[in-house]
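For reference, the structure is listed below as structure tokens.
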Amino acid sequence: MRYGTKDVLSGVEFSVSRGEVVALLGPNGAGKTTTIEILEGFRARSGGHVSVLGTDPAHGSEHWRARLGIVLQSWRDHGRWKVKDLLHHLGRYYGPYSTSGRQRPIPTEQLIDMVGLGEQQEQKISKLSGGQRRRLDVAIGIVGRPELLFLDEPTAGLDPHARREFHDLVHQLSDMEETTILLTTHDLSEAEKLADRILILAGHRIIADGSAEQLARQVSNQAEVRWSQAGQFYVHSTDDATTFVRQLFHQHGDQIGDLEVRRASLEDTYLSMVHRIETGHDDAAVTTLEGAPR
Ligand SMILES: Nc1ncnc2c1ncn2[C@@H]1O[C@H](COP(=O)(O)OP(=O)(O)OP(=O)(O)O)[C@@H](O)[C@H]1O
């Protein structure tokens with residue numbers, strides 16, 4: 001993808017399976033929103049091949065569009081409408097696209113309940129708090145019971161409780177409704193909790209593709225084992241934590257307490273991979289982890 005003479009994305013290649021939750025990570029300006037907007041059909045690409053639900057987004061029909069759900073980074077409109085009325089109104093748009101396997105829209109009351117806006121349903125949208133507004137954005141994104149849902153930084157501005165509820169909602173959508181979800185976030189713990197698979201976009205391309213665990217192993221095989229023994233705390237780094245822990249118990253048995261095995265966090269992994277790209281020390285191609293369990 002090129003803006004004017006500037007290449008923003010080149011050689012970006014990935015596919016997402018039905019029901020998968022994929023998090024797209026990357027530094028500011030890496031091209032996450034551009035990627036998502038191309039997939040949504042909102043932005044014309046300058047080259048390459050793209051297929052979303054079997055259709056090139058540049059030529060998507062209304063029927064195709066009705067199968068997608070989109071939560072943009074920000075959305076400001078309809079301030080004078082009431083929450084319930086807006087959702088009911090938008091839902092009606094999806095009625096003609098209902099199928100026997102996928103009833104559209106989600107009934108308004110059920111939807112309001114799913115996003116936790118029960119108390120605000122009669123409230124004007126302009127009077128919602130930032131977090132309540134974000135819940136409404138999510139409701140608008142899923143009102144048509146999408147097969148594929150795009151979420152661009154969905155939890156920005158949500159308090160920890162609302163964030164947890166949102167995570168439950170994502171699990172519900174992917175498990176019960178088989179919704180495929182592609183989300184961007186700068187919250188790495190969120191990506192780790194929500195995503196089956198993580199894509200890291202940096203230096204115009206995808207530099208890593210796999211589960212959080214798989215990416216961590218790419219950066220370092222070392223695990224840190226911590227334990228206590230006779231009131232003392234110990235730390236040991238090893239590339240074979242299982243054997244080490246087995247030997248530890250063999251030698252000291254019941255004396256071992258507070259055992260913890262820690263691998264590189266997604267944050268450690270992410271920072272290390274992006275740093276390698278930004279400092280030009282990455283000679284490896286895309287880290288794709290095919291065939292490994294996810
Ligand atoms: N309409 C545009 N015209 C020209 N350049 C653009 C346009 N939109 C984005 N860009 C540039 O393309 C690059 C990728 O932007 P994009 O918004 O896709 O990044 P991002 O990964 O979503 O960033 P962030 O994490 O900050 O949201 C940036 O360098 C940005 O300046």
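Chain lettering (A, B, ...) mirrors the order of the structure tokens, residue numbering begins at 1 for each chain separately, and ligand numbering begins at 1 in order of display.
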Could the residues that lie within 8 Å of ligand 1, counting only C-alpha atoms and all ligand atoms, be listed as an mmCIF file with N, CA and C atoms, in the first residue's frame?
data_model
loop_
_atom_site.group_PDB
_atom_site.id
_atom_site.type_symbol
_atom_site.label_atom_id
_atom_site.label_comp_id
_atom_site.auth_asym_id
_atom_site.auth_seq_id
_atom_site.Cartn_x
_atom_site.Cartn_y
_atom_site.Cartn_z
ATOM 1 N N TYR A 3 0.881 5.537 0.002
ATOM 2 C CA TYR A 3 0.217 6.841 0.072
ATOM 3 C C TYR A 3 1.114 7.803 -0.680
ATOM 4 N N GLY A 4 0.714 8.306 -1.842
ATOM 5 C CA GLY A 4 1.578 9.165 -2.643
ATOM 6 C C GLY A 4 2.799 8.379 -3.071
ATOM 7 N N LYS A 6 4.901 7.264 -0.708
ATOM 8 C CA LYS A 6 5.376 6.587 0.507
ATOM 9 C C LYS A 6 4.775 5.188 0.639
ATOM 10 N N VAL A 8 3.656 2.188 2.689
ATOM 11 C CA VAL A 8 3.272 1.958 4.084
ATOM 12 C C VAL A 8 3.221 0.463 4.385
ATOM 13 N N LEU A 25 -0.837 -6.187 16.072
ATOM 14 C CA LEU A 25 -0.076 -5.271 16.910
ATOM 15 C C LEU A 25 0.966 -4.559 16.074
ATOM 16 N N GLY A 26 1.442 -3.440 16.567
ATOM 17 C CA GLY A 26 2.519 -2.756 15.869
ATOM 18 C C GLY A 26 2.640 -1.343 16.388
ATOM 19 N N PRO A 27 3.815 -0.732 16.212
ATOM 20 C CA PRO A 27 4.009 0.624 16.716
ATOM 21 C C PRO A 27 3.106 1.639 16.001
ATOM 22 N N ASN A 28 2.995 2.831 16.569
ATOM 23 C CA ASN A 28 2.213 3.892 15.921
ATOM 24 C C ASN A 28 2.712 4.100 14.503
ATOM 25 N N GLY A 29 1.779 4.171 13.578
ATOM 26 C CA GLY A 29 2.144 4.439 12.187
ATOM 27 C C GLY A 29 2.600 3.212 11.421
ATOM 28 N N ALA A 30 2.503 2.028 12.032
ATOM 29 C CA ALA A 30 2.974 0.810 11.339
ATOM 30 C C ALA A 30 2.063 0.423 10.180
ATOM 31 N N GLY A 31 0.811 0.846 10.237
ATOM 32 C CA GLY A 31 -0.102 0.520 9.137
ATOM 33 C C GLY A 31 -1.256 -0.381 9.538
ATOM 34 N N LYS A 32 -1.551 -0.473 10.829
ATOM 35 C CA LYS A 32 -2.634 -1.355 11.294
ATOM 36 C C LYS A 32 -3.989 -0.861 10.787
ATOM 37 N N THR A 33 -4.248 0.434 11.016
ATOM 38 C CA THR A 33 -5.539 0.977 10.585
ATOM 39 C C THR A 33 -5.660 0.900 9.070
ATOM 40 N N THR A 34 -4.572 1.196 8.363
ATOM 41 C CA THR A 34 -4.597 1.105 6.898
ATOM 42 C C THR A 34 -4.957 -0.316 6.475
ATOM 43 N N THR A 35 -4.339 -1.312 7.112
ATOM 44 C CA THR A 35 -4.628 -2.718 6.785
ATOM 45 C C THR A 35 -6.106 -3.018 7.003
ATOM 46 N N HIS A 186 -3.107 -1.625 21.577
ATOM 47 C CA HIS A 186 -1.754 -1.374 22.079
ATOM 48 C C HIS A 186 -1.588 -2.012 23.460
ATOM 49 N N LEU A 201 2.992 -6.111 13.097
ATOM 50 C CA LEU A 201 3.261 -5.358 11.877
ATOM 51 C C LEU A 201 4.323 -4.305 12.208
#
Give me, as number ranges by chain, all polymer residues having an atom no more than 9 Å from A:Lys82, counting only C-alpha atoms and skipping those fewer than 3 positions away in the same chain. A: 78-79, 85-87, 120-126
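The residue set within 12 Å of A:Ser220, counting only C-alpha atoms and dropping same-chain residues fewer than 4 places from it, reads Glu213, Gln214, Leu215, Ala216, Glu224, Ser237, Thr238, Asp239, Asp240, Arg262, Arg263, Ala264, Ser265, Leu266, Asp268, Thr269, Tyr270, Ser272 and Met273 of chain A.
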Same residues, C-alpha atoms, output as an mmCIF file, in the first residue's frame:
data_model
loop_
_atom_site.group_PDB
_atom_site.id
_atom_site.type_symbol
_atom_site.label_atom_id
_atom_site.label_comp_id
_atom_site.auth_asym_id
_atom_site.auth_seq_id
_atom_site.Cartn_x
_atom_site.Cartn_y
_atom_site.Cartn_z
ATOM 1 C CA GLU A 213 3.574 -18.444 23.644
ATOM 2 C CA GLN A 214 5.057 -19.281 20.242
ATOM 3 C CA LEU A 215 6.323 -15.738 19.736
ATOM 4 C CA ALA A 216 7.914 -15.733 23.184
ATOM 5 C CA GLU A 224 12.990 -18.154 34.688
ATOM 6 C CA SER A 237 17.345 -19.281 34.186
ATOM 7 C CA THR A 238 17.111 -22.388 32.078
ATOM 8 C CA ASP A 239 16.140 -23.462 28.593
ATOM 9 C CA ASP A 240 14.624 -26.670 29.961
ATOM 10 C CA ARG A 262 8.048 -17.475 33.879
ATOM 11 C CA ARG A 263 8.693 -17.110 30.164
ATOM 12 C CA ALA A 264 9.228 -13.844 28.296
ATOM 13 C CA SER A 265 5.980 -11.878 28.449
ATOM 14 C CA LEU A 266 4.313 -10.763 25.247
ATOM 15 C CA ASP A 268 9.187 -8.478 26.290
ATOM 16 C CA THR A 269 8.713 -10.346 23.012
ATOM 17 C CA TYR A 270 7.010 -7.499 21.205
ATOM 18 C CA SER A 272 12.449 -7.144 21.298
ATOM 19 C CA MET A 273 11.028 -7.964 17.843
#
Any chance you could list, as number ranges by chain, the residues in stretch 28-217 of chain A that come up alpha helix (DSSP H) when DSSP is run on the backbone? A: 32-40, 62-65, 83-94, 108-114, 130-142, 160-176, 188-194, 212-217
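When atom CA of A:Ile140 is paired with atom CA of A:Arg164, their separation reads 19.1 Å.
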A:Val219, A:Leu136, A:Val50, A:Leu183: which is nearest A:Gly11, counting only C-alpha atoms?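 Under the stated criterion, the closest residue is A:Val50.
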Minimum-distance residue to A:Gln232, chosen among A:Val170, A:Ala58, A:Leu68, A:Ile256 (using only C-alpha atoms): A:Ile256
note - atom CA of A:Pro57 and atom CA of A:Gly101 are separated by 23.3 Å
May I ask for the distance between atom CA of A:Gly253 and atom CA of A:Asn221, given in Å to one decimal place?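 According to the coordinates, atom CA of A:Gly253 and atom CA of A:Asn221 are separated by 26.0 Å.
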Excluding A:Thr55 and its own-chain neighbours fewer than 4 positions away, which residues fall within 12 Å of it when counting only C-alpha atoms? Please give them as a list in words. Leu39, Glu40, Gly41, His49, Val50, Ser51, His59, Gly60, Ser61, Glu62, His63, Trp64, Arg65, Arg67 and Leu68 of chain A
Residue among A:Asp113, A:Phe249, A:Glu278, A:Ser74 lying closest to A:Glu153, counting only C-alpha atoms: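 Once distances to A:Glu153 are computed over only C-alpha atoms, the minimum belongs to A:Ser74.
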With only C-alpha atoms as the counted atoms, please give the residues lying no more than 12 Å from A:Thr108, apart from itself and same-chain residues fewer than 3 positions off, as a list in words.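 Here the qualifying residues turn out to be Val83, Lys84, Asp85, Leu86, Leu87, His88, His89, Leu90, Gly91, Arg92, Arg104, Pro105, Leu111, Ile112, Asp113, Met114, Val115, Leu117, Gly118, Gln121, Leu136, Ala139, Ile140, Ile142, Val143, Gly144 and Arg145 of chain A.
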Within 10 Å of A:Thr155, counting only C-alpha atoms, which residues show up once you throw out same-chain ones fewer than 3 positions away? Write them as a ChimeraX atom specification, please. /A:73,131,134-135,138,151-152,158-160,162-164,166-167,184-187,190
